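**Q** File model23.txt below, compact mmCIF, C-alpha atoms:
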```txt
# COMPACT_ATOMS: atom_id res chain seq x y z
CA MET G 1 -15.14 23.93 -33.77
CA ALA G 2 -18.68 22.74 -34.22
CA LEU G 3 -18.91 19.57 -36.29
CA THR G 4 -20.00 19.78 -39.92
CA ARG G 5 -22.99 17.72 -41.04
CA ASP G 6 -20.60 15.12 -42.44
CA GLN G 7 -18.60 14.98 -39.22
CA ILE G 8 -21.80 14.34 -37.26
CA ALA G 9 -22.58 11.50 -39.66
CA GLN G 10 -19.02 10.22 -39.32
CA ARG G 11 -19.23 10.11 -35.51
CA VAL G 12 -22.59 8.30 -35.64
CA ALA G 13 -21.08 5.74 -38.01
CA LEU G 14 -18.65 4.69 -35.27
CA GLU G 15 -21.67 3.36 -33.34
CA LEU G 16 -22.40 0.84 -36.11
CA GLN G 17 -21.61 -2.81 -35.52
CA ASP G 18 -21.06 -5.63 -37.98
CA GLY G 19 -24.41 -7.27 -38.77
CA PHE G 20 -26.59 -4.31 -37.75
CA TYR G 21 -29.91 -3.62 -39.47
CA VAL G 22 -30.15 0.17 -39.51
CA ASN G 23 -32.81 2.74 -40.36
CA LEU G 24 -31.47 6.16 -41.33
CA GLY G 25 -33.79 9.17 -41.36
CA ILE G 26 -33.78 12.01 -43.87
CA GLY G 27 -31.01 14.67 -43.75
CA ILE G 28 -27.81 14.16 -41.72
CA PRO G 29 -28.75 10.54 -40.82
CA THR G 30 -28.78 9.60 -44.52
CA ARG G 31 -25.11 10.66 -44.73
CA VAL G 32 -24.12 8.04 -42.13
CA ALA G 33 -24.21 5.54 -45.01
CA ASN G 34 -21.17 7.30 -46.51
CA PHE G 35 -19.00 6.62 -43.45
CA ILE G 36 -19.58 2.95 -42.64
CA PRO G 37 -16.23 1.78 -41.18
CA GLN G 38 -14.15 -0.73 -43.11
CA GLY G 39 -14.77 -4.35 -42.23
CA ILE G 40 -18.32 -3.68 -41.03
CA ASP G 41 -21.39 -4.82 -42.92
CA VAL G 42 -24.72 -3.14 -42.20
CA MET G 43 -28.07 -3.56 -43.96
CA LEU G 44 -30.02 -0.33 -44.44
CA GLN G 45 -33.79 -0.44 -43.95
CA SER G 46 -35.98 2.00 -45.85
CA GLU G 47 -39.47 2.10 -44.34
CA ASN G 48 -41.25 2.22 -47.70
CA GLY G 49 -40.40 -1.47 -47.96
CA LEU G 50 -36.73 -2.20 -48.65
CA LEU G 51 -34.06 -3.92 -46.57
CA GLY G 52 -30.64 -3.72 -48.19
CA MET G 53 -30.67 -0.25 -49.73
CA GLY G 54 -27.67 0.49 -51.94
CA ALA G 55 -26.11 3.62 -53.44
CA PHE G 56 -27.92 6.07 -55.69
CA PRO G 57 -28.27 4.65 -59.23
CA THR G 58 -26.31 5.72 -62.26
CA GLU G 59 -28.44 7.44 -64.90
CA ALA G 60 -28.73 4.06 -66.68
CA GLU G 61 -29.85 2.25 -63.52
CA VAL G 62 -32.65 4.66 -62.55
CA ASP G 63 -35.88 2.74 -61.85
CA ALA G 64 -39.08 4.59 -60.94
CA ASP G 65 -40.21 1.51 -58.98
CA LEU G 66 -37.19 1.61 -56.66
CA ILE G 67 -37.05 4.53 -54.23
CA ASN G 68 -36.17 5.19 -50.60
CA ALA G 69 -38.32 6.76 -47.87
CA GLY G 70 -37.13 10.20 -49.02
CA LYS G 71 -38.61 9.35 -52.46
CA GLN G 72 -35.12 9.35 -54.00
CA THR G 73 -34.18 6.76 -56.60
CA VAL G 74 -31.88 4.11 -55.09
CA THR G 75 -30.39 0.68 -55.80
CA MET G 76 -30.37 -2.59 -53.87
CA VAL G 77 -27.38 -4.49 -52.49
CA ALA G 78 -26.92 -8.25 -52.92
CA GLY G 79 -29.10 -9.92 -50.29
CA ALA G 80 -31.75 -7.18 -50.29
CA SER G 81 -35.44 -7.92 -49.75
CA ILE G 82 -38.68 -6.11 -50.60
CA PHE G 83 -41.88 -6.12 -48.57
CA ASP G 84 -45.09 -4.17 -48.02
CA SER G 85 -45.55 -1.27 -45.60
CA ALA G 86 -47.17 -3.35 -42.82
CA GLU G 87 -44.27 -5.81 -42.91
CA SER G 88 -41.84 -2.90 -42.89
CA PHE G 89 -43.38 -1.45 -39.75
CA ALA G 90 -43.61 -4.89 -38.16
CA MET G 91 -39.80 -4.85 -38.30
CA ILE G 92 -39.74 -1.38 -36.80
CA ARG G 93 -42.48 -1.76 -34.17
CA GLY G 94 -41.40 -5.27 -33.30
CA GLY G 95 -37.97 -4.02 -32.28
CA HIS G 96 -36.07 -5.89 -35.00
CA VAL G 97 -34.09 -2.89 -36.23
CA ASP G 98 -30.74 -2.64 -34.37
CA LEU G 99 -30.15 1.10 -34.74
CA THR G 100 -32.32 4.04 -35.76
CA VAL G 101 -30.81 7.45 -36.54
CA LEU G 102 -33.10 10.42 -36.99
CA GLY G 103 -33.24 14.19 -36.71
CA ALA G 104 -35.20 16.37 -34.29
CA PHE G 105 -36.19 19.98 -33.52
CA GLU G 106 -36.06 19.45 -29.75
CA VAL G 107 -35.15 16.77 -27.22
CA ASP G 108 -35.66 17.01 -23.47
CA VAL G 109 -34.20 15.52 -20.27
CA ASN G 110 -36.99 12.95 -20.07
CA GLY G 111 -36.14 11.52 -23.48
CA ASN G 112 -39.07 13.20 -25.20
CA ILE G 113 -38.57 14.15 -28.84
CA ALA G 114 -40.28 16.76 -31.05
CA SER G 115 -39.44 16.40 -34.71
CA TYR G 116 -42.48 16.57 -36.96
CA MET G 117 -44.50 19.71 -36.50
CA ILE G 118 -44.19 23.42 -35.85
CA PRO G 119 -47.79 24.58 -35.32
CA GLY G 120 -48.84 27.22 -37.84
CA LYS G 121 -45.58 26.87 -39.79
CA LEU G 122 -44.67 23.34 -40.71
CA ILE G 123 -47.41 20.74 -40.84
CA LYS G 124 -46.20 18.07 -43.20
CA GLY G 125 -46.77 15.03 -41.07
CA MET G 126 -44.78 12.51 -39.07
CA GLY G 127 -44.28 9.90 -41.80
CA GLY G 128 -42.71 6.92 -40.06
CA ALA G 129 -40.96 8.89 -37.30
CA MET G 130 -43.49 8.11 -34.54
CA ASP G 131 -43.28 4.40 -35.31
CA LEU G 132 -39.49 4.51 -35.37
CA VAL G 133 -39.07 6.24 -32.00
CA ALA G 134 -41.73 4.08 -30.33
CA GLY G 135 -40.42 0.82 -31.77
CA ALA G 136 -36.66 1.11 -31.47
CA ASP G 137 -34.60 0.64 -28.35
CA ASN G 138 -31.35 1.94 -29.81
CA ILE G 139 -31.91 5.42 -31.24
CA ILE G 140 -29.42 8.20 -31.95
CA VAL G 141 -30.85 11.66 -32.56
CA THR G 142 -28.71 13.97 -34.69
CA MET G 143 -29.32 17.70 -34.55
CA THR G 144 -27.63 21.06 -34.19
CA HIS G 145 -27.12 21.81 -30.51
CA ALA G 146 -28.84 25.19 -30.71
CA SER G 147 -30.68 27.28 -33.31
CA LYS G 148 -28.86 29.77 -35.54
CA HIS G 149 -29.87 32.44 -33.04
CA GLY G 150 -28.42 30.48 -30.12
CA ALA G 151 -31.72 29.18 -28.73
CA ALA G 152 -31.29 25.84 -26.92
CA LYS G 153 -32.83 22.70 -28.45
CA LEU G 154 -31.85 20.39 -25.60
CA LEU G 155 -34.49 21.39 -23.10
CA SER G 156 -35.99 20.58 -19.71
CA HIS G 157 -39.35 20.23 -21.49
CA CYS G 158 -40.04 20.07 -25.24
CA THR G 159 -42.20 23.00 -26.36
CA LEU G 160 -43.32 21.58 -29.73
CA PRO G 161 -45.80 18.70 -30.24
CA LEU G 162 -44.08 15.42 -29.39
CA THR G 163 -43.13 12.68 -31.82
CA GLY G 164 -42.48 10.29 -28.95
CA LYS G 165 -42.40 10.22 -25.19
CA GLY G 166 -39.48 8.96 -23.09
CA CYS G 167 -37.82 7.13 -25.96
CA ILE G 168 -34.53 8.95 -26.63
CA LYS G 169 -31.33 7.95 -24.85
CA LYS G 170 -28.57 9.30 -27.12
CA VAL G 171 -28.15 12.64 -28.89
CA LEU G 172 -25.29 13.65 -31.14
CA THR G 173 -25.12 17.36 -31.88
CA ASP G 174 -22.56 19.48 -33.67
CA LEU G 175 -21.08 20.24 -30.23
CA ALA G 176 -21.56 17.17 -28.06
CA PHE G 177 -22.45 13.52 -27.62
CA ILE G 178 -25.03 13.29 -24.86
CA GLU G 179 -26.73 10.46 -23.04
CA ILE G 180 -30.14 10.86 -21.42
CA LYS G 181 -30.83 8.95 -18.23
CA ALA G 182 -32.77 9.45 -14.98
CA GLY G 183 -34.22 12.76 -16.16
CA LYS G 184 -30.89 14.43 -16.98
CA PHE G 185 -28.53 15.03 -19.86
CA HIS G 186 -25.07 13.52 -19.36
CA LEU G 187 -22.16 14.90 -21.39
CA LEU G 188 -20.14 12.00 -22.83
CA GLU G 189 -17.95 13.68 -25.44
CA ARG G 190 -17.39 17.15 -26.85
CA ALA G 191 -16.57 18.20 -30.41
CA PRO G 192 -12.85 18.89 -30.95
CA GLY G 193 -12.01 22.39 -29.73
CA VAL G 194 -15.43 22.98 -28.13
CA SER G 195 -15.30 23.77 -24.41
CA VAL G 196 -17.55 22.27 -21.76
CA ASP G 197 -18.64 25.80 -20.83
CA GLU G 198 -19.79 26.49 -24.37
CA ILE G 199 -21.93 23.32 -24.29
CA ILE G 200 -23.38 24.23 -20.87
CA LYS G 201 -24.28 27.70 -22.17
CA LEU G 202 -26.26 26.28 -25.10
CA THR G 203 -28.05 23.52 -23.16
CA GLN G 204 -31.23 24.44 -21.34
CA GLY G 205 -32.05 21.15 -19.57
CA GLU G 206 -29.95 19.91 -16.62
CA LEU G 207 -26.57 18.73 -17.88
CA VAL G 208 -24.38 16.45 -15.77
CA ILE G 209 -20.62 16.80 -16.27
CA SER G 210 -18.65 14.08 -14.53
CA GLY G 211 -14.89 14.22 -14.67
CA GLU G 212 -12.82 15.18 -17.67
CA ILE G 213 -14.94 15.17 -20.87
CA PRO G 214 -12.98 13.69 -23.78
CA GLU G 215 -12.94 15.15 -27.27
CA MET G 216 -14.61 13.08 -29.97
CA GLN G 217 -12.33 10.79 -31.96
CA PHE G 218 -13.01 10.01 -35.62
CA MET A 1 -64.50 -20.39 -64.53
CA SER A 2 -65.46 -17.00 -65.95
CA GLY A 3 -66.89 -16.08 -62.56
CA PHE A 4 -63.30 -15.52 -61.48
CA ASP A 5 -62.36 -13.36 -64.44
CA LYS A 6 -61.86 -9.88 -62.95
CA VAL A 7 -60.80 -8.09 -66.13
CA VAL A 8 -62.67 -4.96 -67.20
CA HIS A 9 -61.95 -3.06 -70.38
CA SER A 10 -62.61 0.58 -69.58
CA TYR A 11 -61.85 2.98 -66.75
CA GLU A 12 -65.53 3.86 -66.65
CA GLU A 13 -66.29 0.23 -65.85
CA ALA A 14 -63.37 0.05 -63.39
CA MET A 15 -64.72 2.94 -61.30
CA ALA A 16 -68.46 2.24 -61.76
CA GLY A 17 -70.43 2.82 -58.57
CA LEU A 18 -68.18 5.52 -57.16
CA THR A 19 -70.39 8.32 -55.90
CA ASP A 20 -70.01 11.55 -53.92
CA ASN A 21 -68.95 11.32 -50.26
CA MET A 22 -67.47 7.84 -50.48
CA THR A 23 -64.20 6.73 -48.88
CA ILE A 24 -61.26 5.58 -50.99
CA ILE A 25 -58.01 3.88 -49.98
CA SER A 26 -55.17 4.37 -52.43
CA GLY A 27 -51.91 2.42 -52.56
CA GLY A 28 -48.58 4.10 -53.32
CA PHE A 29 -45.69 5.84 -51.54
CA GLY A 30 -45.03 9.32 -52.85
CA LEU A 31 -45.54 8.87 -56.58
CA CYS A 32 -44.17 5.30 -56.53
CA GLY A 33 -46.71 2.55 -57.22
CA ILE A 34 -49.73 4.85 -57.35
CA PRO A 35 -52.83 3.86 -59.31
CA GLU A 36 -52.32 6.84 -61.57
CA ASN A 37 -54.95 6.10 -64.21
CA LEU A 38 -57.65 5.24 -61.67
CA ILE A 39 -56.96 8.57 -59.96
CA SER A 40 -57.26 10.37 -63.30
CA GLU A 41 -60.60 8.65 -63.84
CA ILE A 42 -61.90 10.07 -60.54
CA LYS A 43 -60.83 13.54 -61.68
CA HIS A 44 -62.62 12.91 -64.98
CA LYS A 45 -65.79 11.69 -63.22
CA GLY A 46 -65.79 14.79 -60.98
CA THR A 47 -66.80 12.84 -57.87
CA ARG A 48 -66.76 15.12 -54.79
CA GLY A 49 -66.78 15.04 -51.00
CA LEU A 50 -64.33 12.14 -50.94
CA THR A 51 -62.48 10.87 -47.90
CA LEU A 52 -59.09 9.61 -49.05
CA ILE A 53 -56.79 7.29 -47.15
CA SER A 54 -53.30 7.26 -48.60
CA ASN A 55 -49.76 7.66 -47.28
CA ASN A 56 -49.30 10.88 -49.28
CA CYS A 57 -51.39 13.15 -51.48
CA GLY A 58 -49.38 13.33 -54.69
CA VAL A 59 -47.90 16.54 -56.08
CA ASP A 60 -49.66 19.54 -57.62
CA ASP A 61 -50.08 18.06 -61.09
CA PHE A 62 -49.83 14.30 -60.57
CA GLY A 63 -51.33 11.55 -58.45
CA LEU A 64 -53.93 12.42 -55.83
CA GLY A 65 -52.92 16.09 -56.14
CA LEU A 66 -55.00 16.09 -59.34
CA LEU A 67 -58.17 15.89 -57.23
CA LEU A 68 -57.38 19.08 -55.31
CA PRO A 69 -58.09 21.92 -57.79
CA ALA A 70 -61.78 20.98 -58.21
CA ARG A 71 -62.05 20.43 -54.43
CA GLN A 72 -62.98 16.75 -54.84
CA ILE A 73 -61.37 15.72 -51.53
CA ARG A 74 -63.15 16.61 -48.30
CA LYS A 75 -60.83 14.79 -45.95
CA ILE A 76 -57.52 12.98 -46.18
CA ILE A 77 -55.92 10.51 -43.77
CA ALA A 78 -52.17 10.41 -44.50
CA SER A 79 -48.77 10.25 -42.81
CA TYR A 80 -46.91 12.87 -44.85
CA VAL A 81 -48.36 15.58 -47.05
CA GLY A 82 -45.51 18.01 -47.63
CA GLU A 83 -44.98 18.09 -51.40
CA ASN A 84 -47.97 20.04 -52.58
CA ALA A 85 -48.68 23.79 -52.56
CA GLU A 86 -52.42 23.60 -53.31
CA PHE A 87 -52.78 20.97 -50.59
CA GLU A 88 -51.16 23.27 -48.06
CA ARG A 89 -53.39 26.17 -49.08
CA GLN A 90 -56.60 24.12 -48.70
CA MET A 91 -55.42 22.67 -45.38
CA MET A 92 -54.49 26.08 -43.92
CA SER A 93 -57.79 27.63 -45.07
CA GLY A 94 -59.77 24.74 -43.57
CA GLU A 95 -61.29 23.69 -46.91
CA LEU A 96 -59.57 20.34 -46.57
CA SER A 97 -59.64 18.28 -43.40
CA VAL A 98 -56.39 16.41 -42.66
CA GLU A 99 -55.89 13.59 -40.19
CA LEU A 100 -52.16 12.95 -39.82
CA THR A 101 -51.55 9.31 -38.96
CA PRO A 102 -48.20 7.60 -38.31
CA GLN A 103 -47.11 5.58 -41.31
CA GLY A 104 -46.94 2.23 -39.53
CA THR A 105 -50.31 2.84 -37.88
CA LEU A 106 -51.78 3.69 -41.28
CA ALA A 107 -50.47 0.45 -42.80
CA GLU A 108 -51.72 -1.56 -39.82
CA LYS A 109 -55.16 0.12 -39.97
CA MET A 110 -55.51 -1.14 -43.55
CA ARG A 111 -54.15 -4.59 -42.73
CA ALA A 112 -56.49 -4.91 -39.75
CA GLY A 113 -59.45 -3.61 -41.75
CA GLY A 114 -58.87 -6.18 -44.44
CA ALA A 115 -58.43 -8.96 -41.88
CA GLY A 116 -61.64 -8.24 -39.97
CA ILE A 117 -59.85 -6.91 -36.89
CA PRO A 118 -61.71 -3.77 -35.74
CA ALA A 119 -58.90 -2.17 -33.72
CA PHE A 120 -55.46 -2.78 -32.25
CA TYR A 121 -53.15 -1.38 -29.57
CA THR A 122 -49.83 0.21 -30.51
CA ALA A 123 -47.08 2.11 -28.71
CA THR A 124 -46.75 4.46 -31.68
CA GLY A 125 -48.06 7.92 -30.80
CA VAL A 126 -48.32 7.48 -27.02
CA GLY A 127 -47.87 10.89 -25.35
CA THR A 128 -48.22 12.76 -28.67
CA PRO A 129 -51.10 14.65 -30.35
CA VAL A 130 -51.99 11.36 -32.12
CA ALA A 131 -53.07 9.86 -28.76
CA GLU A 132 -55.65 12.57 -28.00
CA GLY A 133 -59.09 11.08 -27.36
CA LYS A 134 -57.88 7.50 -27.77
CA ASP A 135 -58.13 4.70 -25.23
CA GLU A 136 -54.79 4.10 -23.51
CA ARG A 137 -53.90 0.83 -21.80
CA GLN A 138 -50.91 -0.82 -20.17
CA PHE A 139 -49.55 -4.17 -21.28
CA ASN A 140 -46.47 -5.57 -19.51
CA GLY A 141 -45.80 -2.19 -17.95
CA ARG A 142 -45.85 -0.18 -21.17
CA SER A 143 -48.54 2.21 -22.50
CA TYR A 144 -50.35 1.61 -25.77
CA ILE A 145 -53.14 3.45 -27.59
CA LEU A 146 -56.12 1.93 -29.35
CA GLU A 147 -56.24 2.55 -33.09
CA GLU A 148 -59.25 1.62 -35.21
CA ALA A 149 -59.07 -0.30 -38.47
CA ILE A 150 -60.00 1.20 -41.83
CA VAL A 151 -62.12 -0.21 -44.60
CA ALA A 152 -63.20 1.87 -47.58
CA ASP A 153 -65.89 1.85 -50.26
CA PHE A 154 -63.18 1.58 -52.89
CA ALA A 155 -59.54 0.48 -52.71
CA LEU A 156 -57.34 1.49 -55.63
CA VAL A 157 -54.24 -0.57 -56.29
CA LYS A 158 -51.34 -0.53 -58.74
CA ALA A 159 -49.62 -3.88 -59.37
CA TRP A 160 -47.05 -5.04 -61.89
CA LYS A 161 -48.49 -8.31 -63.19
CA ALA A 162 -51.75 -10.12 -62.68
CA ASP A 163 -53.55 -13.12 -64.05
CA ARG A 164 -57.20 -12.81 -65.08
CA TYR A 165 -58.29 -14.08 -61.66
CA GLY A 166 -56.70 -11.08 -59.98
CA ASN A 167 -53.67 -12.78 -58.47
CA LEU A 168 -51.13 -9.98 -58.18
CA ILE A 169 -47.37 -9.49 -58.24
CA PHE A 170 -45.85 -6.13 -57.35
CA ARG A 171 -42.51 -4.78 -58.49
CA LYS A 172 -39.76 -3.52 -56.15
CA THR A 173 -40.76 -0.68 -53.80
CA ALA A 174 -43.89 0.01 -55.85
CA ARG A 175 -45.40 -2.65 -53.57
CA ASN A 176 -45.55 -0.40 -50.43
CA PHE A 177 -49.18 0.10 -49.29
CA ASN A 178 -50.73 -1.66 -52.31
CA PRO A 179 -51.18 -5.21 -50.90
CA LEU A 180 -52.73 -3.72 -47.73
CA ALA A 181 -55.04 -1.43 -49.68
CA ALA A 182 -56.13 -4.42 -51.76
CA THR A 183 -57.53 -6.19 -48.70
CA ALA A 184 -59.42 -3.21 -47.28
CA GLY A 185 -61.81 -2.17 -50.05
CA LYS A 186 -65.45 -3.16 -50.35
CA ILE A 187 -64.65 -2.89 -54.04
CA THR A 188 -60.97 -3.34 -54.88
CA VAL A 189 -59.90 -2.10 -58.28
CA VAL A 190 -56.42 -2.95 -59.57
CA GLU A 191 -54.55 -1.56 -62.53
CA VAL A 192 -51.56 -3.48 -63.87
CA GLU A 193 -48.92 -3.36 -66.55
CA GLU A 194 -49.54 -6.90 -67.79
CA ILE A 195 -52.36 -9.45 -67.54
CA VAL A 196 -51.66 -13.13 -68.19
CA GLU A 197 -53.79 -16.28 -68.21
CA PRO A 198 -54.41 -18.21 -64.96
CA GLY A 199 -51.61 -20.73 -64.43
CA GLN A 200 -48.96 -18.52 -65.95
CA LEU A 201 -47.92 -16.99 -62.62
CA ASP A 202 -46.12 -19.21 -60.14
CA PRO A 203 -48.48 -19.61 -57.14
CA ASP A 204 -45.45 -19.36 -54.82
CA GLU A 205 -44.72 -15.90 -56.14
CA ILE A 206 -48.18 -14.31 -55.79
CA HIS A 207 -48.10 -11.34 -53.39
CA THR A 208 -51.86 -10.72 -53.28
CA PRO A 209 -54.30 -13.57 -53.94
CA GLY A 210 -57.17 -12.80 -56.31
CA ILE A 211 -59.81 -13.25 -53.60
CA TYR A 212 -59.24 -9.60 -52.60
CA VAL A 213 -59.65 -8.24 -56.13
CA ASN A 214 -62.94 -7.26 -57.76
CA ARG A 215 -61.87 -5.49 -60.94
CA LEU A 216 -58.70 -5.58 -62.95
CA ILE A 217 -57.60 -3.36 -65.81
CA GLN A 218 -54.46 -3.30 -67.94
CA SER A 219 -52.87 0.02 -68.71
CA THR A 220 -49.72 2.00 -69.34
CA PHE A 221 -48.11 4.21 -66.73
CA GLU A 222 -46.10 7.41 -66.67
CA LYS A 223 -44.33 6.40 -63.41
CA ARG A 224 -43.16 9.89 -62.61
CA ILE A 225 -40.08 10.15 -60.35
CA GLU A 226 -40.34 12.60 -57.47
CA GLN A 227 -36.63 12.85 -56.50
CA ARG A 228 -34.43 11.66 -59.32
CA THR A 229 -31.08 11.17 -57.54
CA THR A 230 -28.11 9.64 -59.34
CA ARG A 231 -24.38 9.08 -58.99
CA ALA A 232 -21.86 9.39 -61.80
CA ALA A 233 -21.10 6.13 -63.61
CA GLY A 234 -17.94 4.53 -62.21
CA GLU A 235 -18.34 6.26 -58.84
```
Could you render the structure as structure tokens?
**A**
Amino acid sequence: MALTRDQIAQRVALELQDGFYVNLGIGIPTRVANFIPQGIDVMLQSENGLLGMGAFPTEAEVDADLINAGKQTVTMVAGASIFDSAESFAMIRGGHVDLTVLGAFEVDVNGNIASYMIPGKLIKGMGGAMDLVAGADNIIVTMTHASKHGAAKLLSHCTLPLTGKGCIKKVLTDLAFIEIKAGKFHLLERAPGVSVDEIIKLTQGELVISGEIPEMQF
Amino acid sequence: MSGFDKVVHSYEEAMAGLTDNMTIISGGFGLCGIPENLISEIKHKGTRGLTLISNNCGVDDFGLGLLLPARQIRKIIASYVGENAEFERQMMSGELSVELTPQGTLAEKMRAGGAGIPAFYTATGVGTPVAEGKDERQFNGRSYILEEAIVADFALVKAWKADRYGNLIFRKTARNFNPLAATAGKITVVEVEEIVEPGQLDPDEIHTPGIYVNRLIQSTFEKRIEQRTTRAAGE
């Protein structure tokens, strides 16, 4: 079975380590915060200028001056800090963020990512995504493996305008956990009950299968 | 010491000298920490042909979106513009020119502009449409593109507290682009919730020193919330 959005988030959360500073993008990545394993402390960075983002506020706690990068009202954890946008992107561009999780439309075998624009259809802008993919070393892209109509999104070459070039090394889809190295996709894990053949069928770029591919554990 | 007193008493005075075809930097992220009354004053003045530099462009009926119906904006430089139907219509029809700029690059352009640095190299945008036409150079084996700094005729800022000399303190994530905007205006106009006497703010806690500020006005704010998201009490 393909993973649900929450299961994708849950699998990503297993990559967290105690003491990580983490930036979570909008959509599935945001849900990773709900699955932080017990005994692990992470500090969430929101690129509008907050390190130490907490849960959504109760109605009584709502503060118009305290939002996340998705413009949602949030709270702060003990030990949080606030800074301006240049400082925020100094953290990101300077490589100080330990893990970045973000979504994408397409990823290719060379680690290129397209996530911000569909010409003629969706032109909303890249926000902080270009800075995040260029600045971080440890990035996990979360996405559905293929479109609703079965069109591959893991490609030999991205077709949409790029958000970043050669910067993606790990992709977690609803079907598979994939590593990108030396110009190829490498299948690391498959979703429970999903066959290797099914993953091959829905992957357009070269996919390396070495040995028995384990099912994901949660 | 009155030479340092930046306080003005009307929005007309605050925005005096703004004319057609000028450039304006505005602080704010989404609708958080935007100089909402200064923006309304521009709508009221009817100034046209403006080039705006701001992370976003408000929503249809609030923030910078208010300047769209009368076609007051000619061009906008922003990182994300997706919350506004009239904006999309003007962009698609070509009435409005849009230069999408990565958020960190936008912040750095303001910071550099205010600090007298004309341009800087960054890895952000290499190999993407953002790099088109820009100088590309290698440092330590990695590619970077040259991005130019921004300064504007006016910078509009929203702060929380100020003293009369224009020393500013921001509140929570309403800080965002505001301290950067403050440095990059030929004329920097700040609106605040509270103005106190010099000496009443702790110098250690000033976010933006008054040297960057030309005009200061006290006002009240709607502070509209774009995505009110809550959890149940006790959850």
**Q** With a cut-off of 9 Å, could you pull out the residues of chain A touching chain G and give me the nearest pair of atoms for each, distance in Å to one decimal, using only C-alpha atoms, ordered by chain and ascending number, as a Markdown table?
**A**
```
| residue | atom | partner | partner_atom | distance |
| --- | --- | --- | --- | --- |
| A:Phe29 | CA | G:Asn48 | CA | 6.9 |
| A:Gly30 | CA | G:Lys71 | CA | 6.4 |
| A:Leu31 | CA | G:Lys71 | CA | 8.1 |
| A:Cys32 | CA | G:Asp65 | CA | 6.0 |
| A:Gly33 | CA | G:Asp65 | CA | 6.8 |
| A:Asn55 | CA | G:Gly127 | CA | 8.1 |
| A:Ala78 | CA | G:Gly125 | CA | 7.9 |
| A:Ser79 | CA | G:Gly127 | CA | 4.6 |
| A:Tyr80 | CA | G:Gly125 | CA | 4.4 |
| A:Val81 | CA | G:Lys124 | CA | 5.1 |
| A:Gly82 | CA | G:Lys124 | CA | 4.5 |
| A:Glu83 | CA | G:Lys124 | CA | 8.3 |
| A:Glu88 | CA | G:Ile123 | CA | 8.5 |
| A:Met92 | CA | G:Gly120 | CA | 8.4 |
| A:Leu100 | CA | G:Gly125 | CA | 5.9 |
| A:Thr101 | CA | G:Met126 | CA | 7.5 |
| A:Pro102 | CA | G:Gly127 | CA | 5.7 |
| A:Gln103 | CA | G:Gly128 | CA | 4.8 |
| A:Gly104 | CA | G:Phe89 | CA | 5.1 |
| A:Thr105 | CA | G:Asp131 | CA | 7.6 |
| A:Leu106 | CA | G:Ala86 | CA | 8.6 |
| A:Ala107 | CA | G:Ala86 | CA | 5.0 |
| A:Glu108 | CA | G:Ala86 | CA | 5.7 |
| A:Met110 | CA | G:Ala86 | CA | 8.7 |
| A:Arg111 | CA | G:Ala86 | CA | 7.1 |
| A:Thr122 | CA | G:Arg93 | CA | 8.4 |
| A:Ala123 | CA | G:Ala134 | CA | 5.9 |
| A:Thr124 | CA | G:Asp131 | CA | 5.0 |
| A:Gly125 | CA | G:Met130 | CA | 5.9 |
| A:Val126 | CA | G:Gly164 | CA | 6.8 |
| A:Gly127 | CA | G:Lys165 | CA | 5.5 |
| A:Thr128 | CA | G:Leu162 | CA | 5.0 |
| A:Pro129 | CA | G:Pro161 | CA | 6.7 |
| A:Val130 | CA | G:Thr163 | CA | 9.0 |
| A:Arg171 | CA | G:Asp65 | CA | 6.7 |
| A:Lys172 | CA | G:Leu66 | CA | 5.8 |
| A:Thr173 | CA | G:Leu66 | CA | 5.1 |
| A:Ala174 | CA | G:Asp65 | CA | 5.1 |
| A:Arg175 | CA | G:Asp84 | CA | 5.8 |
| A:Asn176 | CA | G:Asp84 | CA | 4.5 |
| A:Phe177 | CA | G:Ser85 | CA | 5.4 |
| A:Asn178 | CA | G:Asp84 | CA | 7.5 |
| A:Pro179 | CA | G:Asp84 | CA | 6.8 |
| A:Leu180 | CA | G:Ala86 | CA | 7.4 |
| A:Lys223 | CA | G:Ala64 | CA | 6.1 |
| A:Arg224 | CA | G:Ala64 | CA | 6.9 |
| A:Ile225 | CA | G:Ala64 | CA | 5.7 |
| A:Glu226 | CA | G:Lys71 | CA | 6.2 |
| A:Gln227 | CA | G:Gln72 | CA | 4.6 |
| A:Arg228 | CA | G:Thr73 | CA | 5.6 |
| A:Thr229 | CA | G:Thr73 | CA | 5.5 |
| A:Thr230 | CA | G:Pro57 | CA | 5.0 |
| A:Arg231 | CA | G:Thr58 | CA | 5.1 |
| A:Ala232 | CA | G:Thr58 | CA | 5.8 |
| A:Ala233 | CA | G:Thr58 | CA | 5.4 |
| A:Gly234 | CA | G:Thr58 | CA | 8.5 |
| A:Glu235 | CA | G:Thr58 | CA | 8.7 |
```
**Q** What lies within 9 Å of Glu189 of chain G using all atoms listed in the file, ignoring chain neighbours under 5 positions off, as a ChimeraX atom specification?
**A** /G:175-178,213-216
**Q** Would you mind listing what lies within 12 Å of Ile24 of chain A as a VMD selection string, with only C-alpha atoms counted and same-chain residues fewer than 2 positions away left out?
**A** chain A and resid 15 18 to 22 26 to 27 35 38 to 39 42 47 to 54 64 72 to 77 110 150 to 157 181 to 182 184 to 189
**Q** Tell me which protein, DNA and RNA residues are within 6 Å of segment 160-164 of chain A, counting all atoms listed in the file, leaving out same-chain ones fewer than 3 positions away, and put them as a ChimeraX atom specification.
**A** /A:5-6,167-171,192-198
**Q** Anything within 8 Å of (-65.0, 17.6, -60.2): list those residues as a VMD selection string, counting only C-alpha atoms and sticking to the file's coordinates.
**A** chain A and resid 43 to 48 67 70 to 72
**Q** Using atom CA of Ala159 of chain A and atom CA of Asp61 of chain A as the two end points, give the distance in Å to one decimal.
**A**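 Atom-to-atom, atom CA of Ala159 of chain A to atom CA of Asp61 of chain A, that is 22.0 Å.
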